[in-house]
Amino acid sequence: MLYLIGILAVSLIAWRLYGVLASGKVPPTLWGFQIINGIILGGVYALIALGYTLVYGILLMINFAHGEVMMTGAYVGYFVLSGLTALGIIDSLPLLGIFLVFAAGMGASLALGVTVERVAYRPLRRAPRLVPLISAIGASIFLQNAALRIFGPKIRVYVKPPLLKGGWNILGTQLFVTRTGVLSVILSIVLMIALYLLVRRTTLGRAMRAVAEDKDTAALMGIDVDQVIVRTFAIGSLLAGAAGVMLGFHNSQVNATMGFIPGIKAFTAAVLGGIGNVPGAMFGGLVLGLAESLGPTVLNIPSQYKDVIAFALLVLVLVFRPTGLLGEVLSGKRA
Amino acid sequence: MAVDLPVERERKPPLALAASALRAGALAGGIAILLIILGLQAAMWALDIGPLSVGDLVLAVLVAWMAARCARGAGTAFGRALVGAVAGVTAAVIYAAFATLANSVNLKEVLDNVGRDAAPALFWHRSAEFAWLVAVAGGLVLGAAGALASYLPARTVRRAASVSARVGAVPYLNMVLAILAAVALIAAPPFIGPFWDQTLGSIGIYVLMGLGLNIVVGFAGLLDLGYVAFFAIGAYTYAFLASPKYGLHLPFLLALPAGMAMACLFGVLLGIPVLRMRGDYLAIVTLGFGEIIRILMNNLTTLTGGPQGVLQIESPSLFGLSATRPLHYYYLILAGCLLVGWVSYQLNRSRIGRAWVAMREDEDVAAASGVNIVRFRLLAFATGAAFAGMGGVIFASRQHAIFPSDFVMLVSINVLCLIIIGGLGSIPGVIAGSVILIGLPEVLRQFADFRLLLFGALLVLMMVARPEGLIPSRRTRLELEEAGQGFGRPPAVEEPAQVAEVRE
C-alpha cells in the first residue's frame, strides 16, 4: 500500500517533469537560477533549523518560540545597525560594524531564549508531553504579538552596508548570486560544523547527549540537568539570533511575523534531515529549499503552491522514513 | 504561579535578604516596564475607578505582591517591613528612571508605545520631581505594607482563594446552576437585543468547534493544529451547495449533512498518512494540512472563487421557517451545540471513549490490550472533523459570504486555547473556555488589540499553574497529578488539599 503511493508519487513527478522538459518552455538559465535560489533558501532554513534541531534533540520538544527568538534577534540587530550607520561606524569600519550587529542580535536572542526556557518550559519538565508543547505555542503567540506591540506594526528596512550589497555572476554567465545569499550558505555551513564539533567533541556536548538519552540517569551521573538544558537553549538561541540578523540582511526587512513561517519551515527541514541530527538539519534545509524553488517548475504549477510542496514533502518523508533522511533510529516513544 | 515559586520559609542572613529584596524589586520594575512598552499600561490607565485608574492599581498590587514574596525570610516585623520597603523603592526607582528616560529621549523609533506623545503619562502628567516623589513614596509604603501582609498565614490566603472550589462541593449546586444556565440560555436571548444574540452565536460556533477538537485532542490525545481546515471544508461545501456559485440551492437539512460528511472524509484523508505519527510530528503535519487547505482555497480560483470567496450564500430554512435575524441563528447554533454536546458526552462514557483514553495514555499498551489503534484514531479524526464541518456550515449560512481569510491558522489556535483553558477533555470546560476567550474580547473592546497577546500569556500561565484547565475533567486531573509526582519535580505547593478532595 505504502509503496504503491510512493511509486505513484514518483511517477507523477516524472510525468510532469517530462512534460515540462519536452515542451522546452523552460530555458537552462531558469533552471540554474532556480537551483541557486533553492540552495540559498536552503542555507537560510538550515541556519534556523540548526537551533531547532539542537533543542529538540535534547528536550524532545518543539520550541515553537524559536522563530520568535530569531525575530527578536533580527529587530535588535536592526536597531544596532541603524545606530551604527548613524554614527558612521558602518562606513568607516564595516567589518567591526557587521560584527557588532551580529553580536547584538545574538545577545538579545540569547537573553530572550533563556528567559523563555525559565518561564515557560522549566516548570513543565515533568508534565505530560502535550503540556510543554502548548506552553511553547503560547510563548510563540505571546512573543509575536508582544513584538508587534512593542516595536509597532511598521516594517523596518535593513540598510545593507556596501560590503553586503550586490553579488557576482557565476563564471560570466547570467546566473547572479547575491553576497548575502552566499554569506547565508557559508555561515550555515560554518555554524553547522561548529555545532557538530560542540555536540560530538566537548564535555558539554557529551553532557547534552547524556541528557537527551535519559535525564534521570544523567542526573545520577553527576550532570546538572537544568544547567545543561539552559546552555542548550542558550546555544540554540545564539544560532537563532545569527539566523535572524542574516535573514534581516538577506530579505532587507524585519517585522513581527517574520519568524513564524520560517520557523515552521525550519522545523520541517530539521525533520526532513532527521531531527536531532546536526548535519541532517543542513541537508534537510537544502532539500526543502530546492524542493520549494524547483518544485513549481518541475510540476508545472504556480509558485503559490510552494508551501503545499513543502508540507507534502514532509508528510511523504514522515510516512516513508519517520526518522528523516539522515536520522538515526529512535525508539517508538521518542519518535 | 505558586507552583513555580516555593514560599521561602527559613530565615535568611541579612545579605541574602538584601539581595532577594533587590531582585524582587527589579522583577517588579521590569514587569511594570514590560506592561508599559506593550501599551497595556496605557490601556489600563484609561480605565478609571474612583480617583485611581486600573493601571495604578495593577502597579500597586504588583509591588506589594513582590515585596510580600521576598520578605518572608526576615525574622521580625520591622525586618520584613524594611525588606519590603527596599524592594518597593527599587521597583519605584526603576520605574521612575524609565519614565525619565522616555520623557527626555524620544524612544518612538524603537519602542512604539513610549514616544513623545505617551511619555508624560508615565509621570501622571505632572512634573518629574512630583512623579519621582510619588513613585518612591508609593514604593516605600506599598512595599512595607505588602511585606507586613505576608504575615497573613499562607494557608488563610490559599483557603480564601479556593473558596470557589469549595462552593463546587455543595451538593446539587452544580446541577441547580446548570439548570439555571440552561433556562437562561433558552429563554433570555429574545430579550437581550441583536448584539448579544450575535455574540452568543459566535460563542456557540466556537463551542461547536471546541467540542469537536476536544474529541481529537482532549479524548484521543492527538494534537491537531490544523483543525480550521475542517471548518473551512464544511463552510465551503455549504457555500457550493446553497449559493448561485454552482446554481445549486439545496435545502439546509440536506446541505448540513453533506458539509459534515465532506469534513469527515477529509478527516479520514488526513488521518491515514499520519497514522503512525505521534505528538510533535502530528502537530506539525496537521498545521501544514491546515495551511494547505487554505492555500488551495485561495488559489484554486475557478473552483472556490479564490480570494474573492463565495458570495450570496443562502440562509438556512427549516420546516418552512427561514433564519433571518441573529436570534434565529442563535437557536440554530444552540441546537447544534446541544446535539454535539450530547454526542460527545455519550462517546466519552462509551467503550469508544475509554479506548480513546487508553490510546492517549499509552498507545502501545492500548494496542496490546486490544484497542484497534487505526480504527479509533480515524474515528477520532472523523468525529472531530464532522463537528467542525457542522460549525462551518452554520458559519457560512450566517455570514452569507466566506473568504479564505476567514480560515487562517489563528482560528485553530483560538479553538485550541479555549479547550485548554476550559480543561482538556471536559465538556463544561469547552463552554467556559468559549465564553471567556470569545465572549470577553467582544465585551472588553479597549483590550481588543491585546487579545492575542493575552491569549499567548494565558496559555503559558495555564500550563504552568493549572494545566488541567478551569473546569477539569476528573481523568485529566488525576493523570496530571500522577505525572507531577515524578522524581525531580517538587510537589506543587497548593496541591495537597486538592489531591485529598479528588481521591475522596
# chains A, B, ... in the order shown; residues from 1 in each chain; ligands from 1
>>> residues_around(residues="region 202-209 of chain B", least_positions_apart="3", cutoff="9 Å", atoms="only C-alpha atoms", output="NGL selection string")
:B and (197-199 or 212-214 or 227-228 or 231 or 330 or 333-334 or 336-337 or 340-341 or 384-385 or 387-392 or 394-395 or 414-415 or 418 or 430-431 or 433-435 or 437-439)
>>> select_by_dssp(residues="region 338-491 of chain B", states="helix (DSSP H, G or I)", output="MDAnalysis selection string")
chainID B and resid 338:349 351:361 363:368 373:399 404:407 409:422 427:443 445:465 474:484
>>> interface_residues(of="chain B", to="chain A", cutoff="6 Å", atoms="only C-alpha atoms", output="number ranges by chain")
B: 37-38, 110-112, 288, 292, 453, 456-457, 459-460, 463, 483
>>> write_last_selection(atoms="N, CA and C atoms", output="JSON list (two decimals), in the first residue's frame")
[["chain", "number", "residue", "atom", "x", "y", "z"],
["B", 37, "ILE", "N", 5.75, 49.18, 27.82],
["B", 37, "ILE", "CA", 6.16, 49.16, 26.41],
["B", 37, "ILE", "C", 5.21, 48.33, 25.56],
["B", 38, "LEU", "N", 4.46, 47.43, 26.20],
["B", 38, "LEU", "CA", 3.44, 46.70, 25.44],
["B", 38, "LEU", "C", 2.24, 47.57, 25.14],
["B", 110, "VAL", "N", 12.16, 53.05, 18.49],
["B", 110, "VAL", "CA", 12.39, 51.67, 18.94],
["B", 110, "VAL", "C", 11.15, 51.12, 19.64],
["B", 111, "LEU", "N", 10.67, 51.87, 20.63],
["B", 111, "LEU", "CA", 9.53, 51.39, 21.42],
["B", 111, "LEU", "C", 8.30, 52.21, 21.03],
["B", 112, "ASP", "N", 7.41, 51.59, 20.31],
["B", 112, "ASP", "CA", 6.30, 52.28, 19.69],
["B", 112, "ASP", "C", 5.38, 52.96, 20.70],
["B", 288, "GLY", "N", 0.50, 21.91, 8.84],
["B", 288, "GLY", "CA", 0.73, 22.01, 7.40],
["B", 288, "GLY", "C", -0.55, 21.73, 6.62],
["B", 292, "ILE", "N", -2.32, 24.03, 3.91],
["B", 292, "ILE", "CA", -2.52, 23.56, 2.54],
["B", 292, "ILE", "C", -3.96, 23.82, 2.09],
["B", 453, "LEU", "N", -2.10, 38.69, 22.39],
["B", 453, "LEU", "CA", -1.02, 38.78, 23.37],
["B", 453, "LEU", "C", -1.44, 38.10, 24.67],
["B", 456, "GLY", "N", -1.74, 34.27, 24.39],
["B", 456, "GLY", "CA", -0.43, 33.62, 24.48],
["B", 456, "GLY", "C", 0.01, 33.52, 25.93],
["B", 457, "ALA", "N", -0.09, 34.66, 26.64],
["B", 457, "ALA", "CA", 0.32, 34.68, 28.04],
["B", 457, "ALA", "C", -0.54, 33.71, 28.85],
["B", 459, "LEU", "N", -2.07, 31.02, 27.83],
["B", 459, "LEU", "CA", -1.71, 29.62, 27.54],
["B", 459, "LEU", "C", -0.53, 29.19, 28.39],
["B", 460, "VAL", "N", 0.51, 30.02, 28.41],
["B", 460, "VAL", "CA", 1.71, 29.67, 29.19],
["B", 460, "VAL", "C", 1.34, 29.58, 30.67],
["B", 463, "MET", "N", -0.62, 26.51, 31.56],
["B", 463, "MET", "CA", 0.19, 25.30, 31.54],
["B", 463, "MET", "C", 1.06, 25.23, 32.78],
["B", 483, "ALA", "N", 1.61, 12.48, 36.96],
["B", 483, "ALA", "CA", 2.81, 12.88, 36.24],
["B", 483, "ALA", "C", 3.65, 13.81, 37.10]]
>>> residues_around(residues="region 188-192 of chain A", least_positions_apart="3", cutoff="10 Å", atoms="only C-alpha atoms", output="PDB file with C-alpha atoms, in the first residue's frame")
ATOM      1  CA  GLY A  42      18.093  26.081   1.944  1.00  0.00           C
ATOM      2  CA  GLY A  43      21.008  27.808   3.630  1.00  0.00           C
ATOM      3  CA  VAL A  44      18.634  30.170   5.418  1.00  0.00           C
ATOM      4  CA  TYR A  45      16.376  27.310   6.500  1.00  0.00           C
ATOM      5  CA  ALA A  46      19.381  25.316   7.655  1.00  0.00           C
ATOM      6  CA  LEU A  47      20.572  28.249   9.731  1.00  0.00           C
ATOM      7  CA  ILE A  48      17.281  28.344  11.647  1.00  0.00           C
ATOM      8  CA  ALA A  49      16.942  24.555  11.683  1.00  0.00           C
ATOM      9  CA  LEU A  50      20.271  24.107  13.488  1.00  0.00           C
ATOM     10  CA  GLY A  51      18.937  25.758  16.636  1.00  0.00           C
ATOM     11  CA  LEU A 183      27.092  34.529   3.148  1.00  0.00           C
ATOM     12  CA  SER A 184      23.972  32.681   4.427  1.00  0.00           C
ATOM     13  CA  VAL A 185      25.176  29.417   2.946  1.00  0.00           C
ATOM     14  CA  LEU A 195      27.795  22.819  16.381  1.00  0.00           C
ATOM     15  CA  TYR A 196      28.695  19.322  15.261  1.00  0.00           C
ATOM     16  CA  LEU A 197      32.084  19.573  16.949  1.00  0.00           C
ATOM     17  CA  LEU A 198      30.466  21.007  20.073  1.00  0.00           C
ATOM     18  CA  LEU A 239      22.108  30.367  16.462  1.00  0.00           C
ATOM     19  CA  ALA A 242      22.595  34.800  13.950  1.00  0.00           C
ATOM     20  CA  ALA A 243      19.902  33.460  11.639  1.00  0.00           C
ATOM     21  CA  MET A 246      21.275  37.081   8.458  1.00  0.00           C
ATOM     22  CA  VAL A 278      23.146  18.367  13.126  1.00  0.00           C
ATOM     23  CA  PRO A 279      24.308  17.595   9.566  1.00  0.00           C
ATOM     24  CA  GLY A 280      20.745  16.418   8.941  1.00  0.00           C
ATOM     25  CA  ALA A 281      19.417  19.938   9.584  1.00  0.00           C
ATOM     26  CA  MET A 282      21.741  21.299   6.910  1.00  0.00           C
TER      27      MET A 282
END
>>> atom_distance(atom1="CA of Phe219 (chain B)", atom2="CA of Phe381 (chain B)")
11.0 Å
>>> select_by_dssp(residues="region 148-291 of chain A", states="strand (DSSP E)", output="PyMOL selection string")
chain A and resi 156-157+167-169+176-178+253-254
>>> atom_distance(atom1="CA of Ile186 (chain A)", atom2="CA of Ile39 (chain A)")
11.1 Å
>>> residues_around(residues="Ser243 (chain B)", least_positions_apart="2", cutoff="10 Å", atoms="only C-alpha atoms", output="PyMOL selection string")
chain B and resi 238-241+245-250+310-315+397+400-401
